[in-house]
Amino acid sequence: MKVLVVGGAGYIGSHTVYELIRAGHECIVFDNLSTGYKDFVHPNAKFYFGDVRNYKDLENVLKKEENISCVMHFAAKIIVPESVSIPLEYYSNNVEGVRVLLEIVRDFKIKHFVFSSTAAVYGEPETGICLEDNILNPINPYGETKLACEKMIKWASEAYNFTYIIFRYFNVAGADSSLKIGLFKDQITHLIPIAVQAAIGIREELLIYGNDYPTKDGTCIRDYIHVSDLAKAHVSAAIYLEEKNKSETMNLGSSNGYSVLEVADTVNNISSIKYRFTSRRAGDPAILMADSSKARRLLNFKPLFSLEDMIKSDIAFRRNYKCNK
Ligand SMILES: NC(=O)c1ccc[n+]([C@@H]2O[C@H](COP(=O)([O-])OP(=O)(O)OC[C@H]3O[C@@H](n4cnc5c(N)ncnc54)[C@H](O)[C@@H]3O)[C@@H](O)[C@H]2O)c1
């Protein structure tokens with residue numbers, strides 16, 4: 001299958017390209033390199049530079065590349081606190097980007113669309129376990145932009161006759177076994193890479209926000225998934241769309257909950273870190289976990305990597321890539 005991967009030079013997009021190519025598919029990567037890297041693009045993928053909000057940039061690709069049957073869309077701004085301070089840039093990049101890309105899907109009659117959404121669309125669910133048909137109530141502009149995109153994709157798919165899979169990711173971590181790609185960003189906001197930075201001396205200590213939550217050890221519980229498990233789910237999604245031609249929305253998480261303290265202790269067992277408790281942050285629910293049974297049922301999705309694997313591969317990638325950020 002020939003797949004256009006928008007945002008394929010970024011963290012999750014580049015891992016998906018690696019898995020698509022390993023599975024024998026052809027990949028075209030489109031990216032403006034705002035947070036991605038040219039050297040993250042698989043050597044066997046063709047690269048086009050451009051902005052997803054610019055119809056002409058995309059049209060140029062589709063005029064040259066025939067027989068693209070699936071578009072996977074990873075390009076977005078993704079930092080929650082930043083989305084609160086510059087919401088309009090988030091609406092521009094995330095929502096306008098999807099709108100223009102869907103015009104391309106319509107005009108070039110592309111059959112299938114895979115979209116990266118997020119657990120942030122759920123907001124603060126009462127039970128802490130997210131099911132796809134829960135009430136969606138985002139509590140920040142990032143989550144709102146992703147929800148707006150989900151709705152736009154659904155309406156466009158009815159009008160323009162393509163099918164889609166919307167994936168809602170939980171906390172993604174780890175690096176590809178090649179150690180050529182991994183999480184490499186100026187602003188790291190996720191727990192595992194922050195803890196790893198503390199372990200390898202890039203950061204002095206890990207701050208743990210709150211130890212008085214109603215959980216087993218008082219720290220928040222989250223669902224972590226290895227980026228390669230997540231990437232492989234996209235390969236399955238492309239095949240599912242091709243075979244069933246049916247649209248779906250699915251959570252992607254491991255459905256194993258780990259507390260912040262458990263993550264810190266697991267990192268500490270691999271490479272010692274200092275951590276310190278501080279007060280709770282606003283908007284952090286005690287528990288946020290995926291029910292991924294739908295993806296298990298429809299895509300045979302079975303995460304293979306453990307929390308320890310995610311941490312070890314992140315450390316190995318950072319050492320290999322010499323990313324002292
Ligand atoms: N990383 C996570 O833990 C996580 C969790 C939930 C959802 N997601 C979603 O997954 C997707 C990928 O996230 P990521 O962590 O790989 O982010 P990333 O920043 O590493 O990758 C995004 C890529 O898109 C490109 N891009 C951004 N805006 C663009 C534009 N206007 N035109 C062309 N290219 C553009 C960037 O250069 C980058 O290569 C995002 O949609 C994000 O919302 C990520």
# chains A, B, ... in the order shown; residues from 1 in each chain; ligands from 1

call {"tool": "select_by_dssp", "arguments": {"residues": "range 88-284 of chain A", "states": "alpha helix (DSSP H)", "output": "VMD selection string"}}
result
chain A and resid 88 to 90 97 to 107 141 to 160 191 to 199 227 to 244 260 to 270

call {"tool": "residues_near_ligand", "arguments": {"ligand": "ligand 1", "cutoff": "8 Å", "atoms": "only C-alpha atoms and all ligand atoms", "output": "MDAnalysis selection string"}}
result
chainID A and resid 6:14 30:37 49:53 73:78 93:94 97 115:120 142 146 168:173 183:185 190

call {"tool": "write_last_selection", "arguments": {"atoms": "N, CA and C atoms", "output": "short mmCIF file (atom, residue, chain, number, x, y, z; two decimals), in the first residue's frame"}}
result
data_model
loop_
_atom_site.label_atom_id
_atom_site.label_comp_id
_atom_site.auth_asym_id
_atom_site.auth_seq_id
_atom_site.Cartn_x
_atom_site.Cartn_y
_atom_site.Cartn_z
N VAL A 6 1.78 12.46 6.94
CA VAL A 6 1.92 13.89 7.20
C VAL A 6 2.41 14.05 8.64
N GLY A 7 3.58 14.68 8.80
CA GLY A 7 4.21 14.73 10.13
C GLY A 7 5.10 13.51 10.36
N GLY A 8 5.56 12.91 9.27
CA GLY A 8 6.36 11.68 9.36
C GLY A 8 7.81 11.88 9.76
N ALA A 9 8.20 13.16 10.01
CA ALA A 9 9.56 13.41 10.51
C ALA A 9 9.55 13.63 12.02
N GLY A 10 8.36 13.53 12.63
CA GLY A 10 8.25 13.72 14.07
C GLY A 10 8.38 12.40 14.82
N TYR A 11 8.10 12.46 16.10
CA TYR A 11 8.32 11.30 16.98
C TYR A 11 7.47 10.08 16.56
N ILE A 12 6.16 10.21 16.64
CA ILE A 12 5.31 9.04 16.38
C ILE A 12 5.23 8.75 14.87
N GLY A 13 5.19 9.82 14.07
CA GLY A 13 5.13 9.64 12.62
C GLY A 13 6.35 8.88 12.10
N SER A 14 7.54 9.22 12.59
CA SER A 14 8.75 8.54 12.07
C SER A 14 8.74 7.06 12.47
N PHE A 30 5.53 13.90 4.41
CA PHE A 30 5.33 15.34 4.20
C PHE A 30 5.45 16.02 5.55
N ASP A 31 6.30 17.06 5.65
CA ASP A 31 6.54 17.65 6.98
C ASP A 31 7.13 19.04 6.80
N ASN A 32 6.82 19.96 7.72
CA ASN A 32 7.45 21.29 7.65
C ASN A 32 8.64 21.40 8.61
N LEU A 33 9.00 20.29 9.24
CA LEU A 33 10.18 20.20 10.12
C LEU A 33 10.14 21.23 11.26
N SER A 34 8.93 21.65 11.66
CA SER A 34 8.85 22.63 12.76
C SER A 34 9.25 21.97 14.07
N THR A 35 8.89 20.72 14.28
CA THR A 35 9.36 19.98 15.47
C THR A 35 9.93 18.62 15.07
N GLY A 36 10.03 18.37 13.79
CA GLY A 36 10.55 17.09 13.31
C GLY A 36 11.95 17.26 12.73
N TYR A 37 12.55 16.16 12.30
CA TYR A 37 13.94 16.17 11.84
C TYR A 37 14.06 15.38 10.55
N PHE A 49 9.01 18.59 1.65
CA PHE A 49 8.89 19.66 2.64
C PHE A 49 7.65 20.49 2.32
N GLY A 50 6.85 20.81 3.35
CA GLY A 50 5.69 21.67 3.11
C GLY A 50 4.85 21.80 4.37
N ASP A 51 3.91 22.74 4.30
CA ASP A 51 3.02 22.98 5.45
C ASP A 51 1.63 22.44 5.13
N VAL A 52 1.07 21.70 6.07
CA VAL A 52 -0.22 21.03 5.82
C VAL A 52 -1.35 22.05 5.63
N ARG A 53 -1.14 23.29 6.08
CA ARG A 53 -2.18 24.31 5.88
C ARG A 53 -2.12 24.92 4.49
N HIS A 73 -2.21 11.16 9.44
CA HIS A 73 -1.96 12.56 9.81
C HIS A 73 -1.47 12.69 11.26
N PHE A 74 -0.18 13.01 11.40
CA PHE A 74 0.43 13.17 12.72
C PHE A 74 0.77 14.62 13.04
N ALA A 75 0.76 15.49 12.01
CA ALA A 75 1.28 16.86 12.20
C ALA A 75 0.35 17.67 13.09
N ALA A 76 0.90 18.16 14.19
CA ALA A 76 0.09 18.99 15.09
C ALA A 76 1.03 19.67 16.08
N LYS A 77 0.48 20.68 16.72
CA LYS A 77 1.15 21.23 17.91
C LYS A 77 0.58 20.46 19.09
N ILE A 78 1.46 20.08 20.06
CA ILE A 78 0.98 19.08 21.02
C ILE A 78 1.26 19.39 22.50
N ASN A 93 -2.84 25.55 13.41
CA ASN A 93 -2.05 24.39 12.97
C ASN A 93 -2.88 23.10 12.98
N ASN A 94 -3.59 22.88 14.07
CA ASN A 94 -4.25 21.58 14.22
C ASN A 94 -5.57 21.49 13.45
N GLY A 97 -5.11 22.77 9.64
CA GLY A 97 -4.30 21.73 8.97
C GLY A 97 -5.17 20.56 8.55
N PHE A 115 -6.01 9.23 11.80
CA PHE A 115 -5.77 10.49 12.52
C PHE A 115 -5.30 10.25 13.95
N SER A 116 -4.28 11.03 14.36
CA SER A 116 -3.76 10.96 15.73
C SER A 116 -4.56 11.89 16.62
N SER A 117 -5.43 11.31 17.44
CA SER A 117 -6.10 12.11 18.46
C SER A 117 -5.49 11.74 19.82
N THR A 118 -6.13 12.10 20.87
CA THR A 118 -5.49 12.05 22.18
C THR A 118 -6.47 11.77 23.31
N ALA A 119 -5.95 11.25 24.40
CA ALA A 119 -6.75 11.06 25.62
C ALA A 119 -7.27 12.40 26.14
N ALA A 120 -6.63 13.51 25.72
CA ALA A 120 -7.05 14.83 26.20
C ALA A 120 -8.48 15.18 25.78
N TYR A 142 -5.62 22.39 23.50
CA TYR A 142 -5.06 21.26 22.73
C TYR A 142 -6.14 20.19 22.53
N LYS A 146 -8.26 18.90 19.02
CA LYS A 146 -8.32 17.51 18.54
C LYS A 146 -9.77 17.04 18.43
N ARG A 168 -7.06 7.47 19.65
CA ARG A 168 -6.83 8.35 20.82
C ARG A 168 -5.69 7.74 21.62
N TYR A 169 -4.51 8.38 21.52
CA TYR A 169 -3.33 7.85 22.20
C TYR A 169 -3.32 8.26 23.66
N PHE A 170 -2.73 7.37 24.47
CA PHE A 170 -2.45 7.74 25.87
C PHE A 170 -0.97 8.16 25.96
N ASN A 171 -0.24 7.83 27.01
CA ASN A 171 1.13 8.38 27.14
C ASN A 171 2.12 7.52 26.36
N VAL A 172 2.72 8.14 25.36
CA VAL A 172 3.59 7.40 24.44
C VAL A 172 5.04 7.60 24.87
N ALA A 173 5.82 6.50 24.87
CA ALA A 173 7.22 6.62 25.31
C ALA A 173 8.05 5.55 24.60
N LEU A 183 12.30 10.09 21.02
CA LEU A 183 11.69 11.36 21.42
C LEU A 183 12.79 12.40 21.60
N PHE A 184 12.79 13.41 20.73
CA PHE A 184 13.85 14.43 20.74
C PHE A 184 13.18 15.77 20.51
N LYS A 185 12.94 16.50 21.59
CA LYS A 185 12.19 17.76 21.46
C LYS A 185 12.83 18.84 22.32
N HIS A 190 6.65 15.08 29.01
CA HIS A 190 6.14 13.78 29.43
C HIS A 190 7.02 13.16 30.51
#

call {"tool": "closest_residue", "arguments": {"among": "A:Val263, A:Ile135, A:Val61, A:Val71", "to": "Ala238 in chain A", "atoms": "only C-alpha atoms"}}
result
A:Val71

call {"tool": "select_by_dssp", "arguments": {"residues": "range 39-96 of chain A", "states": "strand (DSSP E)", "output": "number ranges by chain"}}
result
A: 46-49, 70-73

call {"tool": "closest_residue", "arguments": {"among": "A:Ile153, A:Glu65, A:Tyr164, A:Leu131", "to": "Ser293 in chain A", "atoms": "only C-alpha atoms"}}
result
A:Leu131

call {"tool": "residues_around", "arguments": {"residues": "Ile200 in chain A", "least_positions_apart": "5", "cutoff": "9 Å", "atoms": "only C-alpha atoms", "output": "list in words"}}
result
Ala195, Ser271, Ser272, Ile273, Ile315, Arg318 and Arg319 of chain A

call {"tool": "write_last_selection", "arguments": {"atoms": "N, CA and C atoms", "output": "PDB file, in the first residue's frame"}}
result
ATOM      1  N   ALA A 195      12.016  11.828  33.484  1.00  0.00           N
ATOM      2  CA  ALA A 195      12.687  10.978  34.485  1.00  0.00           C
ATOM      3  C   ALA A 195      14.010  10.457  33.923  1.00  0.00           C
ATOM      4  N   SER A 271      18.871   3.289  36.414  1.00  0.00           N
ATOM      5  CA  SER A 271      19.922   4.307  36.543  1.00  0.00           C
ATOM      6  C   SER A 271      19.439   5.306  37.598  1.00  0.00           C
ATOM      7  N   SER A 272      20.231   5.546  38.630  1.00  0.00           N
ATOM      8  CA  SER A 272      19.668   6.220  39.813  1.00  0.00           C
ATOM      9  C   SER A 272      19.276   7.681  39.538  1.00  0.00           C
ATOM     10  N   ILE A 273      18.143   8.073  40.138  1.00  0.00           N
ATOM     11  CA  ILE A 273      17.669   9.461  39.984  1.00  0.00           C
ATOM     12  C   ILE A 273      17.278  10.028  41.343  1.00  0.00           C
ATOM     13  N   ILE A 315      16.482   5.617  27.191  1.00  0.00           N
ATOM     14  CA  ILE A 315      17.858   5.905  27.656  1.00  0.00           C
ATOM     15  C   ILE A 315      18.847   5.575  26.535  1.00  0.00           C
ATOM     16  N   ARG A 318      18.703   8.155  23.752  1.00  0.00           N
ATOM     17  CA  ARG A 318      19.314   9.436  24.150  1.00  0.00           C
ATOM     18  C   ARG A 318      20.844   9.344  24.137  1.00  0.00           C
ATOM     19  N   ARG A 319      21.350   8.203  24.624  1.00  0.00           N
ATOM     20  CA  ARG A 319      22.820   8.043  24.626  1.00  0.00           C
ATOM     21  C   ARG A 319      23.327   7.943  23.195  1.00  0.00           C
TER      22      ARG A 319
END

call {"tool": "closest_residue", "arguments": {"among": "A:Asp176, A:Glu59, A:Glu124, A:Glu82", "to": "Val100 in chain A", "atoms": "only C-alpha atoms"}}
result
A:Glu59

call {"tool": "atom_distance", "arguments": {"atom1": "CA of Tyr48 in chain A", "atom2": "CA of Val227 in chain A"}}
result
23.5 Å

call {"tool": "residues_around", "arguments": {"residues": "Val114 in chain A", "least_positions_apart": "2", "cutoff": "6 Å", "atoms": "only C-alpha atoms", "output": "PyMOL selection string"}}
result
chain A and resi 72+164-166
